[in-house]
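Have a look at the structure below, then the notes.
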Amino acid sequence: MILMKNTTGKRIWIVKNDSQKTAVIAAELEQLCRAAGFVFDEENPEIVISVGGDGTLLTAFHDYERQLKTVRFIGVHTGHLGFYADFQEHELEQVIETIVHEKPSQAFKYPLLKVQIKFTDGRVKTHLALNESIIRRASKTLVADVKISDFLFEKFRGDGLAVSTPTGSTAYNKSIGGAVMHPRVRAFQVTEVASLNNLIYRTLGAAMIIAEKDTVAFDLENADDYLLTVDQLEYFYDRIASVTYSLDGGEIAFVNGGHTGFWHRVKNSFIGEVK
């Protein structure tokens with residue numbers, strides 16, 4: 001048991017999911033944090049500890065997305081090891097040690113996706129995504145002019161279009177045939193969702209890796225049934241003129257310590273032991 005009372009005054013907060021198992025682990029973690037002298041500060045934490053799964057980390061990110069310049073994250077998984085959690089439930093003392101000795105200048109930083117929505121009445125709304133953003137219509141085929149840095153590339157018809165960050169490339173993007181990208185690749189990705197391709201309608205039919213300096217815009221038909229997802233969040237919008245994506249949404253910082261390499265995470269999650 002760690003006995004480090006008053007060794008640090010770092011401001012922390014714990015975000016957890018609703019499972020009973022997580023509640024037990026989070027309670028134990030809280031005791032260790034208090035023994036280490038951490039200060040619990042929900043409003044202005046330096047470090048946010050996510051206890052649960054990758055969905056919990058996404059919730060924590062969106063809770064503090066307006067404070068990303070001053071907040072760093074660290075994840076504890078209470079289920080299978082995910083992509084945003086470096087520690088498992090039996091490693092709580094290592095979590096404390098890592099926070100005690102971490103240096104903000106050595107944090108791991110990943111790029112975020114900026115999602116800018118322009119409405120037909122001139123309004124503009126902006127979201128940030130850590131994993132991905134998807135645009136669909138509720139009941140009809142999505143029709144969109146796809147522009148890459150203002151160059152009209154194609155007219156898309158299909159179920160939807162997904163745009164993902166490098167860290168989000170292993171999530172929904174992978175399930176619809178997108179490429180897995182290492183986070184050091186400063187780019188983002190556009191992947192089609194069930195596109196229509198026949199003698200009349202044509203799209204590229206493959207995922208596109210978009211350079212950091214470029215933007216991707218989807219110019220949409222005037223309709224009242226658009227569904228925009230930003231990570232696990234859903235927004236129902238009407239009268240959207242366009243949605244523009246870029247990789248200038250800033251960065252998210254993760255505490256450096258016990259960090260699992262990206263390709264190790266991919267292997268552990270999708271392949272397992274090689275025999």
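Each chain of the structure tokens is named A, B, ... in the order shown, its residues numbered from 1; ligands are numbered from 1 in display order.
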**Item:** Val95 in chain A surroundings by only C-alpha atoms, 10 Å radius, close-in-sequence under 5 positions cut, as a PyMOL selection string
**Value:** chain A and resi 29+32-33+49+74-76+86-90+100+255+257-258
Take the selection from the previous step and output its residues with N, CA and C atoms, as a PDB file, in the first residue's frame.
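What landed in part_12.pdb:
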ATOM      1  N   LEU A  29      -9.291   3.606  -5.826  1.00  0.00           N
ATOM      2  CA  LEU A  29      -8.385   4.578  -6.431  1.00  0.00           C
ATOM      3  C   LEU A  29      -8.465   5.916  -5.710  1.00  0.00           C
ATOM      4  N   LEU A  32      -6.396   5.867  -2.575  1.00  0.00           N
ATOM      5  CA  LEU A  32      -4.967   5.960  -2.892  1.00  0.00           C
ATOM      6  C   LEU A  32      -4.587   7.385  -3.285  1.00  0.00           C
ATOM      7  N   CYS A  33      -5.461   8.040  -4.005  1.00  0.00           N
ATOM      8  CA  CYS A  33      -5.197   9.421  -4.412  1.00  0.00           C
ATOM      9  C   CYS A  33      -5.126  10.355  -3.207  1.00  0.00           C
ATOM     10  N   ILE A  49      -8.610  11.345 -14.389  1.00  0.00           N
ATOM     11  CA  ILE A  49      -8.441   9.893 -14.440  1.00  0.00           C
ATOM     12  C   ILE A  49      -9.760   9.288 -14.903  1.00  0.00           C
ATOM     13  N   ILE A  74      -5.489  10.253 -18.058  1.00  0.00           N
ATOM     14  CA  ILE A  74      -4.901   8.940 -17.837  1.00  0.00           C
ATOM     15  C   ILE A  74      -6.065   7.966 -17.657  1.00  0.00           C
ATOM     16  N   GLY A  75      -5.948   6.779 -18.240  1.00  0.00           N
ATOM     17  CA  GLY A  75      -7.066   5.853 -18.236  1.00  0.00           C
ATOM     18  C   GLY A  75      -6.788   4.566 -17.484  1.00  0.00           C
ATOM     19  N   VAL A  76      -7.798   4.091 -16.758  1.00  0.00           N
ATOM     20  CA  VAL A  76      -7.765   2.793 -16.089  1.00  0.00           C
ATOM     21  C   VAL A  76      -8.915   1.969 -16.657  1.00  0.00           C
ATOM     22  N   ASP A  86      -3.867   3.078 -20.274  1.00  0.00           N
ATOM     23  CA  ASP A  86      -2.564   2.441 -20.109  1.00  0.00           C
ATOM     24  C   ASP A  86      -2.536   1.477 -18.932  1.00  0.00           C
ATOM     25  N   PHE A  87      -3.546   1.530 -18.069  1.00  0.00           N
ATOM     26  CA  PHE A  87      -3.504   0.732 -16.851  1.00  0.00           C
ATOM     27  C   PHE A  87      -4.771  -0.099 -16.705  1.00  0.00           C
ATOM     28  N   GLN A  88      -4.609  -1.260 -16.068  1.00  0.00           N
ATOM     29  CA  GLN A  88      -5.741  -2.106 -15.761  1.00  0.00           C
ATOM     30  C   GLN A  88      -6.059  -2.016 -14.274  1.00  0.00           C
ATOM     31  N   GLU A  89      -7.146  -2.642 -13.889  1.00  0.00           N
ATOM     32  CA  GLU A  89      -7.687  -2.459 -12.548  1.00  0.00           C
ATOM     33  C   GLU A  89      -6.755  -2.906 -11.429  1.00  0.00           C
ATOM     34  N   HIS A  90      -5.833  -3.829 -11.719  1.00  0.00           N
ATOM     35  CA  HIS A  90      -4.920  -4.310 -10.685  1.00  0.00           C
ATOM     36  C   HIS A  90      -3.652  -3.472 -10.597  1.00  0.00           C
ATOM     37  N   VAL A 100       2.393  10.934  -9.744  1.00  0.00           N
ATOM     38  CA  VAL A 100       3.339  11.632  -8.872  1.00  0.00           C
ATOM     39  C   VAL A 100       4.565  12.084  -9.656  1.00  0.00           C
ATOM     40  N   VAL A 255      -1.046  11.519 -19.815  1.00  0.00           N
ATOM     41  CA  VAL A 255       0.074  11.397 -18.886  1.00  0.00           C
ATOM     42  C   VAL A 255       1.053  10.352 -19.409  1.00  0.00           C
ATOM     43  N   GLY A 257       3.611   7.626 -18.915  1.00  0.00           N
ATOM     44  CA  GLY A 257       4.085   6.679 -17.906  1.00  0.00           C
ATOM     45  C   GLY A 257       3.372   5.359 -18.072  1.00  0.00           C
ATOM     46  N   GLY A 258       4.108   4.304 -18.282  1.00  0.00           N
ATOM     47  CA  GLY A 258       3.498   3.009 -18.513  1.00  0.00           C
ATOM     48  C   GLY A 258       2.774   2.952 -19.841  1.00  0.00           C
TER      49      GLY A 258
END
Near-Asp150 in chain A list (8 Å; only C-alpha atoms; drop same-chain fewer than 5 positions) as a PDB file with C-alpha atoms, in the first residue's frame:
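Final output, around39.pdb:
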ATOM      1  CA  THR A 215      -9.768  20.292 -45.281  1.00  0.00           C
ATOM      2  CA  VAL A 216     -12.673  18.099 -46.345  1.00  0.00           C
ATOM      3  CA  ALA A 217     -16.123  19.604 -46.799  1.00  0.00           C
TER       4      ALA A 217
END
**For Tyr245 in chain A: contacts at 12 Å, only C-alpha atoms, fewer than 3 positions along chain excluded, given as a PyMOL selection string** = chain A and resi 112-118+126-129+132-135+146-150+161-165+187-190+210-219+230+242+248-249
**Message:** I need the residue nearest Ile96 in chain A from this list: A:Ala35, A:Ala223, A:Ala179, A:Ala144. Use only C-alpha atoms for the distance.
**Reply:**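 For Ile96 in chain A, the nearest of the candidates is A:Ala35.
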**Request:** Please provide as an MDAnalysis selection string all residues within 9 Å of range 65-70 of chain A, with the sequence filter that same-chain residues fewer than 6 positions apart are discarded (counting only C-alpha atoms).
**Result:** chainID A and resid 44:47 128 250:253
**Message:** Using only C-alpha atoms for the distances, tell me which of A:Phe83, A:Leu233, A:Gly168, A:Glu154 is nearest to Trp263 in chain A.
**Reply:**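 Residue with the minimum atom-to-atom distance to Trp263 in chain A: A:Phe83.
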**Asked** Using only C-alpha atoms, which residue out of A:Lys140, A:Ile209, A:Ser169, A:Leu220 lies closest to Lys155 in chain A?
**Response**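 Among the listed residues, the smallest separation from Lys155 in chain A belongs to A:Leu220.
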**Request:** Would you mind reading off the distance between CA of Phe151 in chain A and CA of Leu247 in chain A, one decimal, in Å?
**Result:**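 Distance between the two atoms: 17.6 Å.
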**Prompt:** Excluding same-chain residues fewer than 3 positions from Gly55 in chain A, what lies within 10 Å of it counting only C-alpha atoms, as a list in words?
**Reply:**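 Near neighbours after the sequence-gap exclusion: Lys16, Asn17, Ser50, Val51, Gly52, Leu58, Thr59, Ala60, Phe61, Gly82, Tyr84, Asp231 and Gln232 of chain A.
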Same residues, C-alpha atoms, output as a PDB file, in the first residue's frame:
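File again.pdb, as written:
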ATOM      1  CA  LYS A  16     -16.122   6.755 -14.105  1.00  0.00           C
ATOM      2  CA  ASN A  17     -18.870   4.754 -15.773  1.00  0.00           C
ATOM      3  CA  SER A  50     -10.896   7.880 -16.517  1.00  0.00           C
ATOM      4  CA  VAL A  51     -12.052   4.621 -14.925  1.00  0.00           C
ATOM      5  CA  GLY A  52     -14.048   2.323 -17.187  1.00  0.00           C
ATOM      6  CA  LEU A  58     -14.416   9.889 -24.501  1.00  0.00           C
ATOM      7  CA  THR A  59     -16.929  11.203 -21.957  1.00  0.00           C
ATOM      8  CA  ALA A  60     -14.104  12.673 -19.879  1.00  0.00           C
ATOM      9  CA  PHE A  61     -12.610  14.296 -22.964  1.00  0.00           C
ATOM     10  CA  GLY A  82      -8.570  -0.430 -24.748  1.00  0.00           C
ATOM     11  CA  TYR A  84      -6.889   5.049 -24.397  1.00  0.00           C
ATOM     12  CA  ASP A 231     -17.595  10.373 -30.950  1.00  0.00           C
ATOM     13  CA  GLN A 232     -20.421   8.954 -28.801  1.00  0.00           C
TER      14      GLN A 232
END
